[in-house]
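The structure appears right after this line, and notes come after that.
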Amino acid sequence: MILEYLKLAFRDLFANRLRSFLSLIGIIIGVAVVFVIFSIGDITEYAIKEQISGDKGVIVVQYVDENTSSTNSILAQLMAVTGRGGVGEQLQYHFDEADLSAIKDMEGVVDTFPNYRTTVTVNLKSDSTSGTVIRYQENLMEFFTLTLKGGYLMSDYAPDERMGVVIVDTTFVDFNAHLFDPSIEQSFILRNLAHPELYPKVVGETIRINNRIFVIGGVVYSDSGTSSMLIIMDASAYDSMYSKGTMTNLSVKIDPTYDLEEVSERVTGYLNKTHGTDNNYEVQNMDTLISMLTQVTSILSTVMGIIAMVSLVVAGIGVMNIMYVSVVERTREIGVKRAIGASKSAIRFQFIIESCTLTFVGGMLGILVGIGIVQVALYLLDMNAPTNVGYIIFASLFSITLGLAFGYLPARRAANLNIIEAIATE
Amino acid sequence: MSSLISLKDVTKIYRTSEVETLALDQVSLEVEQGEYIAIVGTSGSGKSTMLNILGLLDNATSGSYFLAGEDVTALDDDAQTQRRLATFGFVFQQFNLMNRSSVAANVALPMLYKGVKKKDRDQRVLELLALMDISEKLHSKPNQLSGGQKQRVAFARALANYPQIILADEPTGALDSRNTASILDLMATLNNLGNTILVVTHDMDVARAAKRIISLKDGRIVSDELVDKEKLDKPAKKGRRKKT
């Protein structure tokens, strides 16, 4: 019985293909947006988890001033790492050599790495780009598991040569490939196309940072995912350009056989005790970042959600309209059906099935569009995230509900038509 | 035993905001199983109203209607639909077939509403189309058929649920004389098979094919007489031949 009605409903939809499609556009957009909203939340979470697991074993200890809110401290950090202006005053040096060696000797700690980093503008050829300058230390290669892809390591250069040499990472080369080799087109999508053939070639090229000229001495690759536009600079060169005070945090590598939480607590506990501070030293977890991201995505979700809701309501009214038109067009057919034995509920059922079929098809198309948008976004962002089957089920049920809600009134009108008048309609 | 149909003092008044129209004025009527009745009258005489009330498509303003001994006057819509499904087969002047559906689907439709199983429906469709002599049109669409063929499909549809009464409203009104003759033959055959037939017409040739003629005028029955086959059949047939 239901099957027969479905068959009839499909036949009517296809008989009025264009009209059906037009009335469905709103539903397609609405469902697609709802799907994308759900996916954004998911992907953010997924990406953060991936990021955390990518850095597994390395914790970052930072000093947080209680008087500044967490957002401010992030802002201060951002300002500090840009290394411009008198930001050194805002963030004092909170780690000393004694701390480093003490933490390094702790149980469960493999190594420490003081993060002296500065985000800089780099002049490359006639253009400018940006990168993160990091102060070279003997254990840098090992600490961040970097491998050589072209040229030489910093340690291969004689101490007096190092002043004028920087080692860059593959991301830096890939991202600026069009500057190194004009025959390569600039990529505007975030996904970097790797250019391994360039890695040996860029060795010997010069770049200018703060009006000082450096020669690229080597290209390194990090498989832990931590490197990004890194420019490794010799310690004395770094110190001559940026004060040591810009060290904002300390990376600590933890033995994977030990409990991460436990060792983290031991490290921060030591720092707070020796510096006499009240929990100002803490492990920089992704909490603040996550909360910021969540805030941004929740605003985005709310705005898009409202758009989606409006779109769905408008679409629903469109469906209602099309169903009313359909009822009027088929008044005579309805009358005849009633005369030959169709009950009111049979007529109602027929029209509700039709509107549900209509919205269900719209929902399915909307999901396809949504999946398409998400996949394109993921490709551009160079990310992976699984498609949530739950959303597909939810969206299909939701669109059927929409059909029920907005198809009911037209269906009721159809069922309550006066039989004789309906049959007499031309 | 009570009559198949029994109308007692049935009055129907159509009310619009300004006018009241008396469509039926205290009409009483008995119909027995197996009858073949023509209801004639000019337009506005109330013959269609009577058919609509008989077929439970409309309710009388006053009076009572007993269908197979049951008072159906005050039944609600669902119950009336139920009786309609079980008791009546409708045939219309304009055929009123579902043009998007095949002949087979059209004939099967009343059985679908009754909840007959697919296998039984298919069986019955073949049976009916064979009876109507249009088996080869099973998969055709109504618009591929001639008027006469369409009306045969309509009769097949009307017969689908083994109705006790066939109600035909001007069944030959849209047909040429050749097809009219074939539909009259069909109705005679169906009547001979035991079907009760009520046909509304303003065509006296069609009326004379019935066994009983009820004439309406201004909502009242002005005559109700049995057709003398010996006397009336021949001139009627002659009349049709002249037209051809």
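Residues are referred to by chain and number: the chain letter is A, B, ... according to the order shown in the structure tokens, the number counts from 1 in that chain, and ligands are numbered separately from 1 in the order shown.
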
**Message:** DSSP on the backbone, strand (DSSP E) only: what residues of chain B does that give? Format it as number ranges by chain.
**Reply:** B: 5-15, 20-31, 36-40, 62-67, 70-71, 88-91, 165-169, 196-201, 212-217, 220-226

**Request:** Could you please tell me, as a ChimeraX atom specification, which residues of chain B have an atom within 9 Å of chain A when using only C-alpha atoms?
**Result:** /B:52,55-58,77-78,81-86,88-90,96-98,100-101,109-115,157-158

Dump of N, CA, C and O atoms for the selected residues, as a compact mmCIF listing (two decimals), in the first residue's frame:
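Result written to part-v4.txt:
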# COMPACT_ATOMS: atom_id res chain seq x y z
N ASN B 52 -26.34 11.43 -6.48
CA ASN B 52 -25.31 11.75 -5.49
C ASN B 52 -25.71 11.29 -4.10
O ASN B 52 -24.88 10.79 -3.34
N GLY B 55 -25.60 7.56 -3.95
CA GLY B 55 -24.21 7.08 -3.90
C GLY B 55 -23.44 7.55 -2.68
O GLY B 55 -22.23 7.35 -2.58
N LEU B 56 -24.13 8.20 -1.74
CA LEU B 56 -23.53 8.68 -0.50
C LEU B 56 -22.43 9.70 -0.75
O LEU B 56 -21.50 9.86 0.04
N LEU B 57 -22.53 10.38 -1.90
CA LEU B 57 -21.59 11.47 -2.15
C LEU B 57 -22.12 12.75 -1.53
O LEU B 57 -21.41 13.73 -1.38
N ASP B 58 -23.39 12.72 -1.17
CA ASP B 58 -24.03 13.90 -0.61
C ASP B 58 -25.08 13.42 0.38
O ASP B 58 -25.54 12.27 0.31
N ASP B 77 -18.46 10.46 7.75
CA ASP B 77 -17.80 10.38 6.45
C ASP B 77 -17.08 9.04 6.23
O ASP B 77 -17.19 8.43 5.18
N ASP B 78 -16.36 8.61 7.25
CA ASP B 78 -15.61 7.37 7.09
C ASP B 78 -16.52 6.17 6.87
O ASP B 78 -16.26 5.32 6.04
N THR B 81 -17.90 6.35 3.42
CA THR B 81 -16.87 5.93 2.47
C THR B 81 -16.79 4.41 2.43
O THR B 81 -16.68 3.79 1.36
N GLN B 82 -16.87 3.83 3.63
CA GLN B 82 -16.85 2.38 3.75
C GLN B 82 -17.98 1.73 2.94
O GLN B 82 -17.78 0.78 2.19
N ARG B 83 -19.21 2.28 3.09
CA ARG B 83 -20.38 1.75 2.37
C ARG B 83 -20.20 1.93 0.86
O ARG B 83 -20.53 1.08 0.07
N ARG B 84 -19.66 3.11 0.51
CA ARG B 84 -19.46 3.42 -0.89
C ARG B 84 -18.52 2.40 -1.52
O ARG B 84 -18.75 1.88 -2.61
N LEU B 85 -17.45 2.14 -0.78
CA LEU B 85 -16.43 1.21 -1.26
C LEU B 85 -17.02 -0.19 -1.43
O LEU B 85 -16.70 -0.91 -2.38
N ALA B 86 -17.89 -0.55 -0.49
CA ALA B 86 -18.41 -1.93 -0.49
C ALA B 86 -19.62 -2.10 -1.42
O ALA B 86 -19.84 -3.19 -1.95
N PHE B 88 -21.07 0.47 -3.91
CA PHE B 88 -21.28 1.16 -5.19
C PHE B 88 -20.09 1.11 -6.13
O PHE B 88 -18.94 1.06 -5.71
N GLY B 89 -20.44 1.13 -7.43
CA GLY B 89 -19.43 1.37 -8.46
C GLY B 89 -19.89 2.57 -9.25
O GLY B 89 -21.04 2.64 -9.68
N PHE B 90 -18.99 3.54 -9.41
CA PHE B 90 -19.38 4.77 -10.10
C PHE B 90 -18.85 4.83 -11.53
O PHE B 90 -17.70 4.47 -11.79
N ASN B 96 -13.42 10.12 -16.17
CA ASN B 96 -12.66 10.37 -14.93
C ASN B 96 -11.68 9.27 -14.58
O ASN B 96 -11.60 8.81 -13.45
N LEU B 97 -10.91 8.87 -15.57
CA LEU B 97 -9.83 7.92 -15.30
C LEU B 97 -8.59 8.70 -14.90
O LEU B 97 -8.47 9.88 -15.19
N MET B 98 -7.67 8.03 -14.20
CA MET B 98 -6.40 8.67 -13.82
C MET B 98 -5.47 8.58 -15.03
O MET B 98 -4.98 7.49 -15.37
N ARG B 100 -2.50 9.52 -15.64
CA ARG B 100 -1.08 9.18 -15.49
C ARG B 100 -0.88 7.70 -15.23
O ARG B 100 0.21 7.19 -15.35
N SER B 101 -1.96 7.03 -14.85
CA SER B 101 -1.83 5.61 -14.52
C SER B 101 -2.30 4.75 -15.68
O SER B 101 -3.09 5.17 -16.51
N LEU B 109 -7.44 0.55 -8.68
CA LEU B 109 -7.48 1.58 -7.63
C LEU B 109 -8.51 1.35 -6.52
O LEU B 109 -8.16 1.41 -5.33
N PRO B 110 -9.79 1.06 -6.85
CA PRO B 110 -10.74 0.84 -5.76
C PRO B 110 -10.35 -0.34 -4.87
O PRO B 110 -10.60 -0.32 -3.66
N MET B 111 -9.70 -1.33 -5.48
CA MET B 111 -9.27 -2.49 -4.68
C MET B 111 -8.12 -2.10 -3.75
O MET B 111 -7.99 -2.61 -2.64
N LEU B 112 -7.30 -1.15 -4.22
CA LEU B 112 -6.21 -0.62 -3.39
C LEU B 112 -6.80 0.03 -2.14
O LEU B 112 -6.33 -0.19 -1.02
N TYR B 113 -7.87 0.81 -2.35
CA TYR B 113 -8.49 1.47 -1.21
C TYR B 113 -9.17 0.48 -0.29
O TYR B 113 -9.34 0.72 0.89
N LYS B 114 -9.58 -0.65 -0.84
CA LYS B 114 -10.25 -1.64 -0.01
C LYS B 114 -9.24 -2.53 0.71
O LYS B 114 -9.58 -3.23 1.66
N GLY B 115 -7.98 -2.48 0.24
CA GLY B 115 -6.94 -3.28 0.88
C GLY B 115 -6.83 -4.69 0.33
O GLY B 115 -6.38 -5.61 1.03
N ARG B 157 -13.50 -0.53 -13.63
CA ARG B 157 -13.13 0.04 -12.33
C ARG B 157 -14.31 0.01 -11.37
O ARG B 157 -14.17 -0.32 -10.19
N ALA B 158 -15.51 0.36 -11.89
CA ALA B 158 -16.70 0.39 -11.05
C ALA B 158 -17.03 -1.00 -10.50
O ALA B 158 -17.54 -1.14 -9.40

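Between CA of Tyr157 in chain A and CA of Gly218 in chain A the interatomic distance comes to 10.4 Å.
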
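In this structure, CA of Leu159 in chain B sits 22.1 Å away from CA of Gly69 in chain B.
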
**Request:** For Asp127 in chain A, work out the shell of residues within 12 Å, counting only C-alpha atoms and skipping chain neighbours fewer than 3 positions away, then give it as an NGL selection string.
**Result:** :A and (121-124 or 130 or 176 or 178-180 or 182 or 207-208)

**Request:** Using only C-alpha atoms, determine which residues lie at most 8 Å from range 28-43 of chain A, disregarding the query and same-chain residues fewer than 2 positions distant; provide the list as number ranges by chain.
**Result:** A: 24-26, 45-47, 294, 297, 301, 304-305, 307-309, 311-312, 362-371, 373-374, 385, 387-388, 391-392, 395, 399

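For the pair CA of Glu70 in chain B and CA of Val199 in chain B, the separation is 22.7 Å.
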
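The residue set within 7 Å of Ser23 in chain A, counting only C-alpha atoms and dropping same-chain residues fewer than 4 places from it, reads Arg19, Ala315, Gly318 and Val319 of chain A.
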
**Request:** Enumerate the residues of range 121-339 of chain A with a DSSP assignment of alpha helix (DSSP H), computed from the backbone, and present them as an MDAnalysis selection string.
**Result:** chainID A and resid 140:143 159:162 170:175 177:180 198:201 235:241 260:274 287:329 331:339

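Considering the residues A:Ala405, A:Ile352, A:Leu381, A:Leu358 and counting only C-alpha atoms, Arg17 in chain A has its shortest atom-to-atom contact with A:Leu358.
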
**Request:** Go through B:Ser2, B:Val200, B:Gly46, B:Ala38 and flag the residue nearest Ile221 in chain B, using only C-alpha atoms for the distances.
**Result:** B:Gly46

Write out as a compact mmCIF listing (two decimals) with C-alpha atoms, in the first residue's frame the residues lying within 9 Å of range 230-235 of chain A, counting only C-alpha atoms and excluding same-chain residues fewer than 4 positions away.
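Once written, part_35.txt looks like this:
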# COMPACT_ATOMS: atom_id res chain seq x y z
CA GLY A 131 58.40 32.69 8.91
CA THR A 132 59.19 31.72 12.48
CA VAL A 133 62.80 32.21 13.46
CA ILE A 134 63.91 29.68 16.05
CA ARG A 135 67.14 29.88 18.02
CA TYR A 136 69.44 26.97 17.28
CA GLN A 137 70.45 24.63 20.04
CA MET A 154 73.88 23.81 11.23
CA ARG A 162 77.07 29.97 11.23
CA MET A 163 76.36 33.64 11.81
CA GLY A 164 75.30 34.06 8.20
CA VAL A 165 73.50 30.77 7.69
CA VAL A 166 69.91 29.72 8.31
CA ILE A 167 68.34 26.29 7.94
CA VAL A 168 64.74 26.37 6.70
CA ASP A 169 62.12 23.69 6.81
CA THR A 170 60.36 22.13 3.83
CA THR A 171 57.13 24.02 4.55
CA PHE A 172 58.97 27.29 4.06
CA ASP A 239 70.77 36.78 20.37
CA SER A 240 72.22 39.73 18.52

**Item:** Neighbour list for Val327 in chain A as a PyMOL selection string, cut-off 7 Å, only C-alpha atoms, skip fewer than 4 positions in-chain
**Value:** chain A and resi 323+331+410+414

Put those residues in a file: N, CA, C and O atoms, as a PDB file, in the first residue's frame.
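The resulting file, part-v1.pdb, is shown below:
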ATOM      1  N   MET A 323       2.218  22.153  -2.684  1.00  0.00           N
ATOM      2  CA  MET A 323       1.229  21.127  -2.384  1.00  0.00           C
ATOM      3  C   MET A 323      -0.197  21.674  -2.554  1.00  0.00           C
ATOM      4  O   MET A 323      -1.075  20.984  -3.055  1.00  0.00           O
ATOM      5  N   THR A 331      -8.008  18.619  -8.059  1.00  0.00           N
ATOM      6  CA  THR A 331      -9.286  18.590  -7.350  1.00  0.00           C
ATOM      7  C   THR A 331     -10.209  17.501  -7.904  1.00  0.00           C
ATOM      8  O   THR A 331     -10.759  16.689  -7.162  1.00  0.00           O
ATOM      9  N   PRO A 410      -2.090  21.249   3.430  1.00  0.00           N
ATOM     10  CA  PRO A 410      -2.604  20.981   2.082  1.00  0.00           C
ATOM     11  C   PRO A 410      -3.282  19.609   1.991  1.00  0.00           C
ATOM     12  O   PRO A 410      -4.330  19.467   1.346  1.00  0.00           O
ATOM     13  N   ALA A 414      -7.099  18.737   0.911  1.00  0.00           N
ATOM     14  CA  ALA A 414      -7.436  17.761  -0.136  1.00  0.00           C
ATOM     15  C   ALA A 414      -8.463  16.761   0.380  1.00  0.00           C
ATOM     16  O   ALA A 414      -9.434  16.432  -0.297  1.00  0.00           O
TER      17      ALA A 414
END

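Of the residues under consideration (A:Tyr199, A:Phe351, A:Tyr5, A:Tyr221), A:Tyr221 shows the shortest atom-to-atom contact distance to Phe144 in chain A when counting only C-alpha atoms.
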